[in-house]
file final-v1.cif (mmCIF, C-alpha atoms and all ligand atoms)
data_my_file
#
loop_
_atom_site.label_atom_id
_atom_site.label_comp_id
_atom_site.auth_asym_id
_atom_site.auth_seq_id
_atom_site.Cartn_x
_atom_site.Cartn_y
_atom_site.Cartn_z
CA MET O 1 0.00 0.00 0.00
CA ASN O 2 2.55 2.60 1.16
CA ASN O 3 5.66 2.70 3.28
CA ARG O 4 3.92 3.48 6.58
CA ASP O 5 4.48 0.92 9.29
CA ASN O 6 0.86 0.80 10.43
CA PHE O 7 -0.41 -1.36 13.27
CA ILE O 8 -2.43 -4.37 12.18
CA PRO O 9 -6.05 -4.55 13.50
CA SER O 10 -5.36 -7.21 16.13
CA VAL O 11 -2.51 -5.13 17.62
CA LYS O 12 -4.76 -2.05 17.78
CA LYS O 13 -7.51 -4.04 19.43
CA THR O 14 -5.23 -5.41 22.15
CA MET O 15 -3.69 -1.98 22.69
CA ALA O 16 -7.18 -0.55 23.27
CA GLU O 17 -8.28 -3.44 25.48
CA ARG O 18 -5.25 -3.06 27.72
CA VAL O 19 -6.51 0.40 28.71
CA ALA O 20 -10.21 -0.60 28.71
CA TRP O 21 -10.77 1.40 25.48
CA ARG O 22 -10.09 4.65 27.32
CA CYS O 23 -7.83 7.49 26.19
CA SER O 24 -4.39 7.26 27.82
CA PHE O 25 -3.83 11.03 27.96
CA PRO O 26 -3.50 11.97 31.65
CA ASP O 27 -6.87 12.89 33.15
CA CYS O 28 -8.73 12.41 29.86
CA GLY O 29 -9.71 8.74 30.03
CA VAL O 30 -12.75 9.17 27.78
CA ILE O 31 -14.40 5.98 26.55
CA THR O 32 -13.58 5.52 22.88
CA ILE O 33 -16.02 2.74 22.00
CA GLY O 34 -19.79 2.36 21.90
CA PRO O 35 -22.74 1.21 19.85
CA LYS O 36 -23.22 2.32 16.28
CA MET O 37 -26.63 3.92 16.43
CA GLY O 38 -29.01 2.73 13.76
CA ASP O 39 -27.15 -0.55 13.31
CA ASP O 40 -27.65 -2.95 16.19
CA SER O 41 -24.98 -5.31 14.91
CA LYS O 42 -22.08 -2.82 14.94
CA SER O 43 -19.92 -0.84 17.31
CA ILE O 44 -18.17 2.43 16.64
CA ASN O 45 -14.61 3.22 17.67
CA LEU O 46 -13.55 6.83 18.22
CA GLY O 47 -10.10 5.98 19.53
CA GLU O 48 -6.75 5.78 17.78
CA ALA O 49 -3.64 3.70 18.10
CA ALA O 50 -1.10 6.53 18.08
CA HIS O 51 2.52 5.81 17.22
CA ILE O 52 5.08 6.61 19.89
CA HIS O 53 7.77 6.63 17.17
CA ALA O 54 6.17 7.59 13.83
CA ALA O 55 5.21 5.05 11.18
CA SER O 56 6.99 6.98 8.42
CA PRO O 57 10.10 9.19 8.20
CA GLU O 58 8.20 12.50 8.03
CA GLY O 59 6.19 11.69 11.15
CA PRO O 60 6.66 12.80 14.76
CA ARG O 61 9.31 11.12 16.92
CA TYR O 62 10.46 8.98 13.97
CA ASP O 63 13.37 6.73 14.87
CA ALA O 64 15.36 5.66 11.81
CA LEU O 65 17.17 2.97 13.81
CA MET O 66 13.99 0.99 14.47
CA SER O 67 13.02 -1.91 12.25
CA SER O 68 9.69 -2.05 10.50
CA GLU O 69 8.63 -4.82 12.92
CA GLN O 70 9.49 -2.67 15.93
CA ARG O 71 7.48 0.24 14.54
CA LYS O 72 4.41 -1.97 14.08
CA ALA O 73 4.76 -3.63 17.47
CA ILE O 74 2.27 -3.03 20.25
CA GLN O 75 5.08 -1.57 22.40
CA ASN O 76 5.29 1.34 19.93
CA GLY O 77 1.66 2.40 20.32
CA ILE O 78 -0.48 4.30 22.79
CA TRP O 79 -4.29 4.31 22.77
CA MET O 80 -5.84 7.77 22.67
CA CYS O 81 -9.03 9.59 21.85
CA ARG O 82 -8.88 11.35 18.49
CA SER O 83 -8.31 14.84 19.80
CA HIS O 84 -5.42 13.72 22.00
CA ALA O 85 -3.92 11.58 19.25
CA THR O 86 -3.86 14.73 17.10
CA PHE O 87 -2.62 16.83 20.00
CA ILE O 88 0.46 14.71 20.76
CA ASP O 89 1.44 14.71 17.09
CA ALA O 90 0.83 18.42 16.51
CA ASP O 91 3.06 19.29 19.46
CA PHE O 92 5.44 16.39 19.20
CA THR O 93 8.50 18.38 20.21
CA GLU O 94 7.24 18.40 23.76
CA PHE O 95 5.65 14.96 23.97
CA SER O 96 8.75 12.84 24.02
CA PRO O 97 8.68 9.06 23.54
CA GLU O 98 9.56 8.73 27.25
CA THR O 99 6.56 10.84 28.23
CA LEU O 100 4.22 8.80 26.05
CA ARG O 101 5.58 5.52 27.43
CA LEU O 102 5.05 6.81 30.94
CA TRP O 103 1.44 7.73 30.14
CA LYS O 104 0.86 4.38 28.51
CA SER O 105 2.04 2.50 31.56
CA GLN O 106 0.00 4.78 33.85
CA ALA O 107 -3.15 4.14 31.79
CA GLU O 108 -2.52 0.38 31.88
CA GLU O 109 -1.96 0.48 35.64
CA GLN O 110 -5.20 2.42 36.05
CA ALA O 111 -7.08 -0.14 33.92
CA TYR O 112 -5.52 -2.98 35.90
CA SER O 113 -6.45 -1.43 39.20
CA ASN O 114 -10.04 -0.89 38.02
CA LEU O 115 -10.14 -4.51 36.98
CA LYS O 116 -8.54 -5.87 40.12
CA TYR O 117 -10.68 -3.90 42.56
CA GLN O 118 -13.73 -3.75 40.31
CA GLU O 119 -13.85 -0.05 40.92
CA ARG O 120 -15.98 2.29 38.95
CA TYR O 121 -13.66 4.45 36.97
CA SER O 122 -13.84 7.96 38.24
CA ILE O 123 -12.18 10.84 36.48
CA GLU O 124 -13.06 13.05 39.46
CA ASP O 125 -10.26 11.33 41.35
CA ASN O 126 -7.76 12.41 38.73
CA SER O 127 -7.92 16.07 39.52
CA THR O 128 -4.84 18.17 39.06
CA LEU O 129 -3.40 21.23 40.73
CA ILE O 130 -3.31 24.29 38.48
CA ALA O 131 -1.41 27.47 39.29
CA LEU O 132 -2.35 30.75 37.61
CA GLY O 133 0.24 33.41 38.25
CA PHE O 134 1.51 33.75 41.82
CA GLY O 135 -1.80 34.28 43.57
CA ILE O 136 -3.93 31.30 42.58
CA ILE O 137 -3.60 27.55 43.01
CA VAL O 138 -6.76 25.63 42.26
CA ASN O 139 -7.80 21.99 42.02
CA GLY O 140 -9.41 21.22 38.71
CA HIS O 141 -9.46 18.76 35.88
CA TRP O 142 -8.93 18.74 32.16
CA GLU O 143 -11.93 19.27 29.94
CA SER O 144 -10.13 19.65 26.64
CA ALA O 145 -6.76 20.48 25.17
CA SER O 146 -5.39 21.55 21.84
CA HIS O 147 -1.85 22.70 21.24
CA ASN O 148 -2.58 26.31 22.18
CA LYS O 149 -5.89 26.19 24.07
CA TRP O 150 -6.47 24.40 27.35
CA GLN O 151 -9.76 24.07 29.22
CA PHE O 152 -10.30 22.98 32.82
CA ARG O 153 -13.16 22.65 35.22
CA LEU O 154 -12.24 24.37 38.46
CA ASP O 155 -13.15 22.80 41.78
CA SER O 156 -11.53 24.05 44.97
CA TYR O 157 -8.92 26.70 45.73
CA LEU O 158 -5.74 25.96 47.63
CA LYS O 159 -4.48 29.53 47.31
CA GLY O 160 -6.58 32.56 46.31
CA SER O 161 -10.26 32.52 45.39
CA ILE O 162 -12.65 32.90 42.49
CA LYS O 163 -12.53 36.64 43.14
CA ASP O 164 -8.75 36.63 42.78
CA LEU O 165 -9.14 34.72 39.54
CA LYS O 166 -11.59 37.29 38.17
CA ASP O 167 -9.20 40.09 39.20
CA TYR O 168 -6.30 38.27 37.57
CA ILE O 169 -8.26 38.01 34.33
CA SER O 170 -9.48 41.62 34.28
CA ASN O 171 -6.04 42.99 35.20
CA PHE O 172 -4.25 40.68 32.79
CA TYR O 173 -2.67 43.37 30.64
CA TYR O 174 -1.41 45.18 33.75
CA THR O 175 0.09 42.01 35.15
CA LYS O 176 3.86 41.62 34.98
CA ASN O 177 5.07 39.35 32.20
CA ASP O 178 6.59 36.79 34.53
CA GLU O 179 3.23 36.39 36.26
CA ARG O 180 1.27 35.55 33.10
CA PHE O 181 1.61 31.81 33.31
CA ILE O 182 -0.32 28.62 33.94
CA LEU O 183 1.21 25.55 35.52
CA VAL O 184 -0.48 22.14 35.41
CA GLU O 185 0.66 19.41 37.75
CA SER O 186 -0.64 16.41 35.79
CA GLN O 187 1.51 17.29 32.78
CA GLY O 188 4.38 18.84 34.71
CA ASP O 189 3.93 21.67 32.21
CA ALA O 190 3.96 25.45 32.48
CA ARG O 191 3.22 27.95 29.71
CA LYS O 192 2.99 31.65 29.16
CA ILE O 193 -0.65 32.75 28.87
CA THR O 194 -1.06 34.75 25.66
CA MET O 195 -4.35 36.61 26.29
CA PRO O 196 -6.91 37.14 29.06
CA MET O 197 -8.60 33.86 29.96
CA THR O 198 -12.30 33.13 29.54
CA LEU O 199 -14.31 32.01 32.54
CA LEU O 200 -17.43 29.96 31.78
CA PHE O 201 -20.25 28.99 34.12
CA ASN O 202 -22.32 25.83 33.87
CA GLU O 203 -25.70 24.99 35.40
CA ALA O 204 -24.12 23.17 38.31
CA GLY O 205 -22.50 26.43 39.38
CA LYS O 206 -19.07 25.19 38.41
CA ASN O 207 -16.54 27.29 36.54
CA SER O 208 -14.60 26.28 33.51
CA LEU O 209 -11.54 28.17 32.45
CA VAL O 210 -10.32 28.50 28.86
CA VAL O 211 -6.65 29.43 28.60
CA ASP O 212 -4.70 30.40 25.49
CA VAL O 213 -1.15 29.20 25.93
CA ASP O 214 2.15 29.82 24.21
CA ARG O 215 4.45 27.09 22.94
CA LYS O 216 6.43 25.16 25.48
CA TYR O 217 9.94 26.43 26.24
CA GLN O 218 12.60 24.17 24.72
CA PRO O 219 15.24 23.20 27.27
CA THR O 220 18.95 23.71 26.75
CA ASP O 221 21.91 21.43 27.38
CA PRO O 222 23.11 21.72 31.02
CA ASN O 223 26.69 21.19 29.84
CA LYS O 224 26.42 24.59 28.21
CA SER O 225 25.24 26.36 31.34
CA GLY O 226 28.60 28.08 31.78
CA PHE O 227 30.58 28.86 34.92
CA ASP O 228 29.50 29.92 38.35
CA LEU O 229 31.32 30.64 41.56
CA ALA O 230 31.26 27.50 43.67
CA ILE O 231 29.10 27.77 46.78
CA GLY O 232 30.00 25.62 49.75
CA ASP O 233 27.80 23.77 52.22
CA ASP O 234 27.80 26.87 54.44
CA GLY O 235 26.31 28.97 51.62
CA ASP O 236 29.48 31.02 51.17
CA ILE O 237 31.62 31.30 48.08
CA CYS O 238 34.44 28.72 48.16
CA ILE O 239 38.00 29.92 48.23
CA ASP O 240 40.80 27.56 47.36
CA ASN O 241 44.36 28.76 48.12
CA GLY O 242 43.20 32.33 47.77
CA ASP O 243 41.42 31.73 44.47
CA LEU O 244 37.68 31.74 43.99
CA LYS O 245 36.55 28.24 43.09
CA THR O 246 34.24 27.81 40.13
CA VAL O 247 31.85 25.12 38.97
CA SER O 248 30.74 24.51 35.41
CA GLY O 249 28.45 22.39 33.26
CA VAL O 250 26.17 19.96 35.09
CA ASP O 251 27.77 20.86 38.44
CA ALA O 252 26.81 24.50 37.87
CA ALA O 253 23.32 23.39 36.85
CA ILE O 254 22.94 21.34 40.06
CA GLN O 255 24.10 24.27 42.17
CA HIS O 256 21.62 26.47 40.32
CA LEU O 257 18.72 24.27 41.49
CA THR O 258 19.52 25.56 44.97
CA THR O 259 20.32 29.18 44.14
CA ALA O 260 17.31 29.76 41.83
CA THR O 261 14.85 28.65 44.50
CA SER O 262 16.56 30.06 47.58
CA THR O 263 15.96 33.79 47.08
CA ILE O 264 12.54 34.93 48.20
CA TYR O 265 10.58 36.12 45.20
CA GLY O 266 10.77 39.89 44.81
CA GLU O 267 13.51 40.43 47.39
CA TRP O 268 16.55 40.67 45.15
CA PHE O 269 16.63 44.37 44.36
CA LEU O 270 18.66 44.03 41.16
CA ASP O 271 16.03 41.75 39.65
CA PRO O 272 12.72 41.54 41.53
CA THR O 273 11.48 38.81 39.18
CA MET O 274 14.03 36.39 40.62
CA GLY O 275 13.41 33.92 43.38
CA SER O 276 10.75 31.51 44.54
CA PHE O 277 7.92 30.91 46.98
CA VAL O 278 9.62 27.95 48.64
CA SER O 279 9.91 29.67 52.05
CA GLU O 280 6.24 30.65 52.01
CA TYR O 281 5.21 27.08 51.11
CA TYR O 282 7.46 25.75 53.85
CA ARG O 283 5.80 28.01 56.42
CA ASP O 284 2.29 26.97 55.31
CA TYR O 285 2.82 23.25 54.65
CA LYS O 286 5.72 22.02 56.76
CA ASP O 287 3.30 19.65 58.53
CA ASP O 288 2.08 18.21 55.23
CA LEU O 289 5.18 16.85 53.50
CA GLU O 290 3.24 15.49 50.53
CA MET O 291 1.68 18.85 49.70
CA LEU O 292 4.94 20.64 50.43
CA SER O 293 6.85 18.47 47.97
CA ARG O 294 4.13 18.95 45.33
CA LEU O 295 4.31 22.73 45.71
CA ILE O 296 8.10 22.78 45.62
CA LYS O 297 7.98 20.69 42.46
CA PHE O 298 5.57 23.32 41.11
CA GLU O 299 8.20 25.99 41.72
CA PHE O 300 10.90 23.93 40.02
CA ILE O 301 8.64 23.44 36.99
CA ARG O 302 7.82 27.14 36.81
CA LEU O 303 11.49 28.10 37.04
CA SER O 304 12.39 25.63 34.28
CA LEU O 305 9.72 26.76 31.80
CA ILE O 306 8.71 30.37 32.47
CA PRO O 307 11.20 33.14 31.68
CA THR O 308 11.47 35.52 34.61
CA SER O 309 12.73 38.56 32.77
CA GLU O 310 10.33 41.44 32.25
CA ASP O 311 11.71 41.75 28.77
CA ASN O 312 10.29 38.67 27.10
CA ASP O 313 11.28 39.75 23.63
CA SER O 314 14.93 39.71 24.52
CA PRO O 315 16.72 36.63 23.18
CA ASP O 316 18.44 36.28 26.58
CA SER O 317 15.15 35.86 28.32
CA ARG O 318 15.35 32.30 29.58
CA PRO O 319 13.81 30.45 32.47
CA PRO O 320 16.34 30.34 35.36
CA LEU O 321 16.32 26.51 35.25
CA GLY O 322 15.82 26.29 31.47
CA PHE O 323 18.32 23.45 31.21
CA VAL O 324 15.89 20.96 32.77
CA ASN O 325 13.51 19.09 30.49
CA ARG O 326 11.34 17.56 33.18
CA PHE O 327 11.16 17.37 36.97
CA GLU O 328 10.03 13.82 37.64
CA ARG O 329 9.88 13.74 41.39
CA VAL O 330 10.61 15.85 44.43
CA THR O 331 10.72 13.99 47.73
CA ILE O 332 11.01 15.46 51.20
CA ASN O 333 11.52 13.02 54.05
CA SER O 334 11.64 15.48 56.89
CA SER O 335 10.62 19.09 57.41
CA GLU O 336 13.43 19.52 59.92
CA LEU O 337 15.83 22.16 58.67
CA VAL O 338 19.56 21.48 58.55
CA ASP O 339 21.41 24.81 58.95
CA HIS O 340 18.33 26.67 57.66
CA ARG O 341 18.08 24.35 54.71
CA LEU O 342 15.30 21.99 53.70
CA ILE O 343 16.76 18.84 52.22
CA THR O 344 14.90 17.69 49.11
CA HIS O 345 15.60 14.78 46.84
CA VAL O 346 15.06 15.60 43.18
CA GLU O 347 14.74 13.30 40.16
CA LEU O 348 14.91 15.06 36.81
CA GLU O 349 15.75 14.83 33.15
CA TRP O 350 18.18 17.46 31.83
CA GLY O 351 17.67 19.35 28.57
CA ASN O 352 19.96 16.83 26.86
CA TYR O 353 17.63 14.00 28.05
CA GLU O 354 20.13 12.58 30.52
CA LYS O 355 18.68 11.70 33.91
CA TRP O 356 19.94 12.93 37.26
CA SER O 357 18.83 12.45 40.80
CA GLY O 358 20.28 13.77 44.01
CA LYS O 359 20.03 15.92 47.07
CA VAL O 360 19.07 19.57 46.61
CA PRO O 361 19.19 21.74 49.75
CA LEU O 362 16.84 24.75 49.71
CA TRP O 363 17.48 27.77 51.90
CA ILE O 364 14.44 28.59 53.98
CA ASP O 365 13.76 32.02 55.41
CA GLU O 366 11.70 31.37 58.54
CA THR O 367 11.05 35.01 59.35
ZN ZN O 401 -8.21 11.97 25.26
#
call {"tool": "encode", "arguments": {"input": "final-v1.cif", "output": "structure tokens"}}
result
Amino acid sequence: MNNRDNFIPSVKKTMAERVAWRCSFPDCGVITIGPKMGDDSKSINLGEAAHIHAASPEGPRYDALMSSEQRKAIQNGIWMCRSHATFIDADFTEFSPETLRLWKSQAEEQAYSNLKYQERYSIEDNSTLIALGFGIIVNGHWESASHNKWQFRLDSYLKGSIKDLKDYISNFYYTKNDERFILVESQGDARKITMPMTLLFNEAGKNSLVVDVDRKYQPTDPNKSGFDLAIGDDGDICIDNGDLKTVSGVDAAIQHLTTATSTIYGEWFLDPTMGSFVSEYYRDYKDDLEMLSRLIKFEFIRLSLIPTSEDNDSPDSRPPLGFVNRFERVTINSSELVDHRLITHVELEWGNYEKWSGKVPLWIDET
């Protein structure tokens, strides 16, 4: 027929069955199969077996080193509803094969757990935290997504209120550049918001929010992150035989995980857009380590994807941690500070797709 390495029907069917015919996109989970109305002998399938690595050389995530058999194999597919199958291909630069494989295994685990415990599938349980600028963190869930338009139903506020959200929308053009962002926990994604959001109301009194988003920031190679003065365990600059010690490459990037989060946002007079809310989150959530680690991960994601400079048109405007592709996990085992530092354990993927995990101390201002 042509040179596409398409899945054969039996592979597609098994792929769909392994996720109970539900879309594997996080928090979507729509049912993709049902009766064909008007024909009581047929069913209709609205799902798609999407390729993780494309079926042909022009396609997204194509891997020339794979054999035709590997491309057609069930391991190379992920079951999705049509809009998400289109979405992951339209924006393929940000949906890496690793991300898709992770989603596939999550969807299969979900299907297995539903099967094992005979639970009713509930998308309500898959809510996600959403941050809008610095003043609002709200629980919500995905209603729809295209590459530049996201829609959520909003449920309960962790920080701020519906009034703050309305103010944020009406003051959008007066809001500082670095505060025009949305951050979504389920995707580990943060984007610049490109225009004032639309708030919708449904009969149940719930709000939906439609957000126009910019393209995702493309990470850089941490080996090219230049030199920095080395900072010792005591927080002071290291001096070695009278010379200032420096760090470079990945070591500088690791050190930057600490320095970028350890200034309190707005306090550094030379650049008030620098810093983080880590100390504030510590004060509010030190007795809830799970929430604290989720919020600190939020800050890491923001700092890796949202440029902080006021001057967004400048080519130098980069996110402070723009050399990280993805923060996979932030773990905190104890809220006890060690020399004013909160010890976190971070697992991440650098901009060059190499993985790293290790200890990242964060300076906490308790005042
Ligand atoms: Zn979907």
call {"tool": "closest_residue", "arguments": {"input": "final-v1.cif", "among": "O:Lys245, O:Ser334, O:Ala49, O:Glu280", "to": "Gln75 in chain O", "atoms": "all atoms listed in the file"}}
result
O:Ala49
call {"tool": "closest_residue", "arguments": {"input": "final-v1.cif", "among": "O:Ile52, O:Cys238, O:Ala107, O:Ala230", "to": "ligand ZN 401 (chain O)", "atoms": "only C-alpha atoms and all ligand atoms"}}
result
O:Ala107
call {"tool": "atom_distance", "arguments": {"input": "final-v1.cif", "atom1": "CA of Asn3 in chain O", "atom2": "CA of Tyr62 in chain O"}}
result
13.3 Å
call {"tool": "closest_residue", "arguments": {"input": "final-v1.cif", "among": "O:Glu366, O:Glu48, O:Asp39, O:Asp339", "to": "ligand ZN 401 (chain O)", "atoms": "all atoms listed in the file"}}
result
O:Glu48
call {"tool": "residues_near_ligand", "arguments": {"input": "final-v1.cif", "ligand": "ligand ZN 401 (chain O)", "cutoff": "7 Å", "atoms": "only C-alpha atoms and all ligand atoms", "output": "ChimeraX atom specification"}}
result
/O:23-25,28-30,80-84
call {"tool": "closest_residue", "arguments": {"input": "final-v1.cif", "among": "O:Phe323, O:Trp268, O:Tyr282, O:Tyr157", "to": "Trp350 in chain O", "atoms": "only C-alpha atoms"}}
result
O:Phe323
call {"tool": "residues_around", "arguments": {"input": "final-v1.cif", "residues": "range 168-173 of chain O", "least_positions_apart": "3", "cutoff": "10 Å", "atoms": "only C-alpha atoms", "output": "PyMOL selection string"}}
result
chain O and resi 132-136+162-165+176-177+179-180+193-199
call {"tool": "atom_distance", "arguments": {"input": "final-v1.cif", "atom1": "CA of Thr220 in chain O", "atom2": "CA of Ile88 in chain O"}}
result
21.4 Å
call {"tool": "atom_distance", "arguments": {"input": "final-v1.cif", "atom1": "CA of Lys216 in chain O", "atom2": "CA of Pro361 in chain O"}}
result
27.6 Å
call {"tool": "closest_residue", "arguments": {"input": "final-v1.cif", "among": "O:Ser335, O:Trp103, O:Arg318, O:Ala260", "to": "Phe300 in chain O", "atoms": "all atoms listed in the file"}}
result
O:Ala260
call {"tool": "residues_around", "arguments": {"input": "final-v1.cif", "residues": "Asn202 in chain O", "least_positions_apart": "6", "cutoff": "12 Å", "atoms": "all atoms listed in the file", "output": "number ranges by chain"}}
result
O: 153-154, 208-209
call {"tool": "build_atoms", "arguments": {"input": "final-v1.cif", "residues": "range 39-51 of chain O", "atoms": "N, CA and C atoms", "output": "PDB file, keeping the file's coordinate frame"}}
result
ATOM      1  N   ASP O  39     -27.560   0.775  13.781  1.00  0.00           N
ATOM      2  CA  ASP O  39     -27.150  -0.550  13.310  1.00  0.00           C
ATOM      3  C   ASP O  39     -26.845  -1.410  14.540  1.00  0.00           C
ATOM      4  N   ASP O  40     -27.810  -2.247  14.915  1.00  0.00           N
ATOM      5  CA  ASP O  40     -27.650  -2.950  16.190  1.00  0.00           C
ATOM      6  C   ASP O  40     -26.672  -4.121  16.120  1.00  0.00           C
ATOM      7  N   SER O  41     -25.979  -4.241  14.975  1.00  0.00           N
ATOM      8  CA  SER O  41     -24.980  -5.310  14.910  1.00  0.00           C
ATOM      9  C   SER O  41     -23.555  -4.732  14.905  1.00  0.00           C
ATOM     10  N   LYS O  42     -23.433  -3.404  15.066  1.00  0.00           N
ATOM     11  CA  LYS O  42     -22.080  -2.820  14.940  1.00  0.00           C
ATOM     12  C   LYS O  42     -21.718  -1.898  16.111  1.00  0.00           C
ATOM     13  N   SER O  43     -20.407  -1.802  16.323  1.00  0.00           N
ATOM     14  CA  SER O  43     -19.920  -0.840  17.310  1.00  0.00           C
ATOM     15  C   SER O  43     -19.165   0.255  16.568  1.00  0.00           C
ATOM     16  N   ILE O  44     -18.929   1.342  17.280  1.00  0.00           N
ATOM     17  CA  ILE O  44     -18.170   2.430  16.640  1.00  0.00           C
ATOM     18  C   ILE O  44     -16.991   2.780  17.546  1.00  0.00           C
ATOM     19  N   ASN O  45     -15.838   2.949  16.924  1.00  0.00           N
ATOM     20  CA  ASN O  45     -14.610   3.220  17.670  1.00  0.00           C
ATOM     21  C   ASN O  45     -14.133   4.633  17.364  1.00  0.00           C
ATOM     22  N   LEU O  46     -14.031   5.453  18.410  1.00  0.00           N
ATOM     23  CA  LEU O  46     -13.550   6.830  18.220  1.00  0.00           C
ATOM     24  C   LEU O  46     -12.139   7.004  18.790  1.00  0.00           C
ATOM     25  N   GLY O  47     -11.467   5.891  19.012  1.00  0.00           N
ATOM     26  CA  GLY O  47     -10.100   5.980  19.530  1.00  0.00           C
ATOM     27  C   GLY O  47      -9.085   5.749  18.419  1.00  0.00           C
ATOM     28  N   GLU O  48      -7.821   5.999  18.766  1.00  0.00           N
ATOM     29  CA  GLU O  48      -6.750   5.780  17.780  1.00  0.00           C
ATOM     30  C   GLU O  48      -5.536   5.160  18.421  1.00  0.00           C
ATOM     31  N   ALA O  49      -4.920   4.244  17.661  1.00  0.00           N
ATOM     32  CA  ALA O  49      -3.640   3.700  18.100  1.00  0.00           C
ATOM     33  C   ALA O  49      -2.567   4.657  17.597  1.00  0.00           C
ATOM     34  N   ALA O  50      -2.091   5.521  18.487  1.00  0.00           N
ATOM     35  CA  ALA O  50      -1.100   6.530  18.080  1.00  0.00           C
ATOM     36  C   ALA O  50       0.299   5.926  18.162  1.00  0.00           C
ATOM     37  N   HIS O  51       1.128   6.296  17.209  1.00  0.00           N
ATOM     38  CA  HIS O  51       2.520   5.810  17.220  1.00  0.00           C
ATOM     39  C   HIS O  51       3.356   6.612  18.210  1.00  0.00           C
TER      40      HIS O  51
END
